[in-house]
Amino acid sequence: MSGSMLQHAAFKASISSEVASGLLGGVATEMSGNMLYARSLQGIDIVVSGLGRGSWRGVAGTWEEKSLNSWALARVKELLLSADTVSFPQGTARVIEVSSCTGDATLVTVRKKKRVGYSFEITIKFNGEITSSGEPKNLEGSVKLLEAAYGELDDLQVEVTLKDRTVPANEKSRVSDAIGKSFLPVLRQQLALFEAELEER
């Protein structure tokens with residue numbers, strides 16, 4: 001299972017726990033696989049799709065999950081494409097494309113209380129200019145955002161890959177590190193804007 005899937009499963013598990021302990025109140029509950037089984041005090045069996053999308057309504061309250069993927073994936077791409085150009089000791093770089101953005105964004109409502117979550121794996125492409133061996137050169141590459149997740153931007157990590165022949169082999173590691181350190185705060189800022197908008201959904 002990928003990191004983003006694990007992050008999303010953890011979010012859903014926390015919701016399921018809240019449903020079991022809060023929403024169902026005085027109802028005996030038991031988890032089995034992807035389903036939450038509940039037995040009321042009157043012996044009536046109830047099944048709640050605790051780890052899947054859906055809803056449950058009963059005398060104890062309401063639980064509902066809604067996918068925000070259609071809006072969220074498009075909005076993340078827009079924000080990342082509008083990120084500022086970054087500078088590093090050897091040159092500059094800018095985002096030119098979001099080549100991959102996968103994962104889930106979810107709104108869960110429990111007893112009229114809303115909770116949001118997301119977990120994405122994202123790859124962006126960049127270009128720019130670099131001075132290498134005293135000469136200006138074009139720069140191309142990609143940055144992979146590892147397990148971007150709600151409320152965990154301080155732990156965000158990136159992997160930088162430079163296009164072959166863009167930078168001499170003996171300089172690639174140093175330049176990659178510099179680009180990653182320069183992009184990281186800018187990408188965090190854009191994802192923080194996304195989180196703020198997500199919380200308003």
# chains A, B, ... in the order shown; residues from 1 in each chain; ligands from 1

$ closest_atom_pairs --of "stretch 88-167 of chain A" --to "stretch 183-199 of chain A" --cutoff "12 Å" --atoms "only C-alpha atoms" --output "CSV"
residue,atom,partner,partner_atom,distance
A:Phe88,CA,A:Phe183,CA,9.2
A:Thr92,CA,A:Phe183,CA,10.3
A:Ala93,CA,A:Phe183,CA,8.6
A:Arg94,CA,A:Phe183,CA,8.8
A:Val95,CA,A:Phe183,CA,9.3
A:Ala105,CA,A:Leu198,CA,8.7
A:Thr106,CA,A:Leu198,CA,9.3
A:Leu107,CA,A:Leu198,CA,8.8
A:Val108,CA,A:Glu199,CA,11.3
A:Lys113,CA,A:Glu199,CA,12.0
A:Lys114,CA,A:Glu199,CA,8.7
A:Arg115,CA,A:Glu199,CA,7.9
A:Val116,CA,A:Glu199,CA,6.5
A:Gly117,CA,A:Leu198,CA,8.4
A:Tyr118,CA,A:Glu195,CA,8.9
A:Ser119,CA,A:Glu195,CA,11.3
A:Phe120,CA,A:Leu191,CA,10.6
A:Ile122,CA,A:Leu187,CA,10.8
A:Thr123,CA,A:Leu187,CA,11.4
A:Ile124,CA,A:Leu187,CA,10.3
A:Lys125,CA,A:Phe183,CA,11.7
A:Phe126,CA,A:Phe183,CA,10.2
A:Ser142,CA,A:Phe183,CA,11.0
A:Val143,CA,A:Phe183,CA,8.6
A:Lys144,CA,A:Leu184,CA,10.6
A:Leu145,CA,A:Leu187,CA,8.8
A:Leu146,CA,A:Leu184,CA,11.3
A:Ala148,CA,A:Leu191,CA,8.4
A:Ala149,CA,A:Leu191,CA,9.3
A:Tyr150,CA,A:Glu195,CA,7.0
A:Gly151,CA,A:Glu195,CA,8.2
A:Glu152,CA,A:Arg188,CA,9.9
A:Leu153,CA,A:Arg188,CA,6.2
A:Asp154,CA,A:Arg188,CA,7.9
A:Asp155,CA,A:Arg188,CA,9.8
A:Leu156,CA,A:Arg188,CA,7.6
A:Gln157,CA,A:Leu184,CA,7.5
A:Val158,CA,A:Leu184,CA,7.1
A:Glu159,CA,A:Leu184,CA,10.0
A:Val160,CA,A:Phe183,CA,9.7

$ select_by_dssp --residues "stretch 96-201 of chain A" --states "alpha helix (DSSP H)" --output "number ranges by chain"
A: 172-199

$ write_last_selection --atoms "N, CA, C and O atoms" --output "mmCIF file, in the first residue's frame"
data_model
loop_
_atom_site.group_PDB
_atom_site.id
_atom_site.type_symbol
_atom_site.label_atom_id
_atom_site.label_comp_id
_atom_site.auth_asym_id
_atom_site.auth_seq_id
_atom_site.Cartn_x
_atom_site.Cartn_y
_atom_site.Cartn_z
ATOM 1 N N LYS A 172 25.482 17.323 -9.719
ATOM 2 C CA LYS A 172 24.051 17.013 -9.621
ATOM 3 C C LYS A 172 23.544 16.952 -8.190
ATOM 4 O O LYS A 172 22.484 17.504 -7.871
ATOM 5 N N SER A 173 24.279 16.270 -7.326
ATOM 6 C CA SER A 173 23.815 16.109 -5.950
ATOM 7 C C SER A 173 23.687 17.459 -5.248
ATOM 8 O O SER A 173 22.675 17.744 -4.598
ATOM 9 N N ARG A 174 24.692 18.309 -5.398
ATOM 10 C CA ARG A 174 24.683 19.620 -4.746
ATOM 11 C C ARG A 174 23.568 20.506 -5.302
ATOM 12 O O ARG A 174 22.856 21.177 -4.537
ATOM 13 N N VAL A 175 23.388 20.502 -6.598
ATOM 14 C CA VAL A 175 22.358 21.329 -7.222
ATOM 15 C C VAL A 175 20.964 20.810 -6.862
ATOM 16 O O VAL A 175 20.053 21.595 -6.562
ATOM 17 N N SER A 176 20.779 19.490 -6.863
ATOM 18 C CA SER A 176 19.480 18.899 -6.503
ATOM 19 C C SER A 176 19.085 19.284 -5.084
ATOM 20 O O SER A 176 17.930 19.643 -4.818
ATOM 21 N N ASP A 177 20.033 19.196 -4.161
ATOM 22 C CA ASP A 177 19.749 19.572 -2.772
ATOM 23 C C ASP A 177 19.352 21.041 -2.671
ATOM 24 O O ASP A 177 18.420 21.409 -1.939
ATOM 25 N N ALA A 178 20.055 21.902 -3.405
ATOM 26 C CA ALA A 178 19.767 23.339 -3.359
ATOM 27 C C ALA A 178 18.381 23.642 -3.924
ATOM 28 O O ALA A 178 17.630 24.458 -3.367
ATOM 29 N N ILE A 179 18.029 22.973 -5.017
ATOM 30 C CA ILE A 179 16.706 23.186 -5.617
ATOM 31 C C ILE A 179 15.609 22.697 -4.672
ATOM 32 O O ILE A 179 14.589 23.368 -4.478
ATOM 33 N N GLY A 180 15.806 21.529 -4.074
ATOM 34 C CA GLY A 180 14.813 20.996 -3.146
ATOM 35 C C GLY A 180 14.582 21.916 -1.959
ATOM 36 O O GLY A 180 13.435 22.176 -1.571
ATOM 37 N N LYS A 181 15.661 22.446 -1.387
ATOM 38 C CA LYS A 181 15.542 23.343 -0.238
ATOM 39 C C LYS A 181 14.854 24.650 -0.629
ATOM 40 O O LYS A 181 14.143 25.257 0.188
ATOM 41 N N SER A 182 15.058 25.092 -1.856
ATOM 42 C CA SER A 182 14.426 26.335 -2.312
ATOM 43 C C SER A 182 12.941 26.145 -2.618
ATOM 44 O O SER A 182 12.118 27.020 -2.321
ATOM 45 N N PHE A 183 12.595 25.012 -3.206
ATOM 46 C CA PHE A 183 11.201 24.757 -3.561
ATOM 47 C C PHE A 183 10.333 24.424 -2.343
ATOM 48 O O PHE A 183 9.132 24.743 -2.325
ATOM 49 N N LEU A 184 10.902 23.771 -1.341
ATOM 50 C CA LEU A 184 10.101 23.245 -0.237
ATOM 51 C C LEU A 184 9.221 24.291 0.450
ATOM 52 O O LEU A 184 8.007 24.083 0.606
ATOM 53 N N PRO A 185 9.744 25.452 0.889
ATOM 54 C CA PRO A 185 8.874 26.438 1.543
ATOM 55 C C PRO A 185 7.806 27.015 0.615
ATOM 56 O O PRO A 185 6.689 27.315 1.051
ATOM 57 N N VAL A 186 8.129 27.145 -0.677
ATOM 58 C CA VAL A 186 7.160 27.675 -1.638
ATOM 59 C C VAL A 186 6.018 26.684 -1.849
ATOM 60 O O VAL A 186 4.830 27.067 -1.874
ATOM 61 N N LEU A 187 6.338 25.408 -1.973
ATOM 62 C CA LEU A 187 5.306 24.382 -2.156
ATOM 63 C C LEU A 187 4.470 24.223 -0.888
ATOM 64 O O LEU A 187 3.252 24.032 -0.961
ATOM 65 N N ARG A 188 5.100 24.321 0.272
ATOM 66 C CA ARG A 188 4.347 24.287 1.540
ATOM 67 C C ARG A 188 3.334 25.425 1.594
ATOM 68 O O ARG A 188 2.200 25.251 2.028
ATOM 69 N N GLN A 189 3.770 26.607 1.171
ATOM 70 C CA GLN A 189 2.884 27.778 1.185
ATOM 71 C C GLN A 189 1.660 27.552 0.307
ATOM 72 O O GLN A 189 0.533 27.876 0.705
ATOM 73 N N GLN A 190 1.863 26.992 -0.885
ATOM 74 C CA GLN A 190 0.736 26.755 -1.788
ATOM 75 C C GLN A 190 -0.205 25.683 -1.233
ATOM 76 O O GLN A 190 -1.432 25.808 -1.354
ATOM 77 N N LEU A 191 0.330 24.659 -0.622
ATOM 78 C CA LEU A 191 -0.515 23.625 -0.028
ATOM 79 C C LEU A 191 -1.242 24.144 1.216
ATOM 80 O O LEU A 191 -2.361 23.716 1.513
ATOM 81 N N ALA A 192 -0.624 25.076 1.924
ATOM 82 C CA ALA A 192 -1.304 25.694 3.070
ATOM 83 C C ALA A 192 -2.520 26.497 2.597
ATOM 84 O O ALA A 192 -3.574 26.501 3.254
ATOM 85 N N LEU A 193 -2.388 27.181 1.455
ATOM 86 C CA LEU A 193 -3.532 27.888 0.876
ATOM 87 C C LEU A 193 -4.632 26.897 0.509
ATOM 88 O O LEU A 193 -5.825 27.159 0.732
ATOM 89 N N PHE A 194 -4.228 25.760 -0.042
ATOM 90 C CA PHE A 194 -5.209 24.726 -0.392
ATOM 91 C C PHE A 194 -5.924 24.215 0.851
ATOM 92 O O PHE A 194 -7.154 24.047 0.856
ATOM 93 N N GLU A 195 -5.190 23.980 1.926
ATOM 94 C CA GLU A 195 -5.809 23.495 3.170
ATOM 95 C C GLU A 195 -6.831 24.508 3.706
ATOM 96 O O GLU A 195 -7.900 24.118 4.189
ATOM 97 N N ALA A 196 -6.481 25.787 3.631
ATOM 98 C CA ALA A 196 -7.413 26.815 4.101
ATOM 99 C C ALA A 196 -8.703 26.811 3.290
ATOM 100 O O ALA A 196 -9.811 26.938 3.848
ATOM 101 N N GLU A 197 -8.579 26.635 1.979
ATOM 102 C CA GLU A 197 -9.775 26.568 1.125
ATOM 103 C C GLU A 197 -10.551 25.286 1.393
ATOM 104 O O GLU A 197 -11.788 25.286 1.392
ATOM 105 N N LEU A 198 -9.845 24.191 1.610
ATOM 106 C CA LEU A 198 -10.487 22.921 1.901
ATOM 107 C C LEU A 198 -11.338 22.994 3.168
ATOM 108 O O LEU A 198 -12.453 22.469 3.230
ATOM 109 N N GLU A 199 -10.831 23.683 4.169
ATOM 110 C CA GLU A 199 -11.550 23.812 5.438
ATOM 111 C C GLU A 199 -12.832 24.629 5.300
ATOM 112 O O GLU A 199 -13.721 24.552 6.147
#

$ closest_residue --among "A:Glu97, A:Thr102, A:Trp71, A:Ser132" --to "A:Asn170" --atoms "only C-alpha atoms"
A:Ser132

$ atom_distance --atom1 "atom CA of A:Leu162" --atom2 "atom CA of A:Glu140"
6.2 Å

$ residues_around --residues "A:Lys77" --least-positions-apart "3" --cutoff "9 Å" --atoms "only C-alpha atoms" --output "list in words"
Ala72, Leu73, Ala74, Leu80, Leu81, Ser82, Glu97, Val98 and Cys101 of chain A

$ atom_distance --atom1 "atom CA of A:Glu129" --atom2 "atom CA of A:Ser87"
9.8 Å

$ atom_distance --atom1 "atom CA of A:Thr109" --atom2 "atom CA of A:Glu147"
24.1 Å
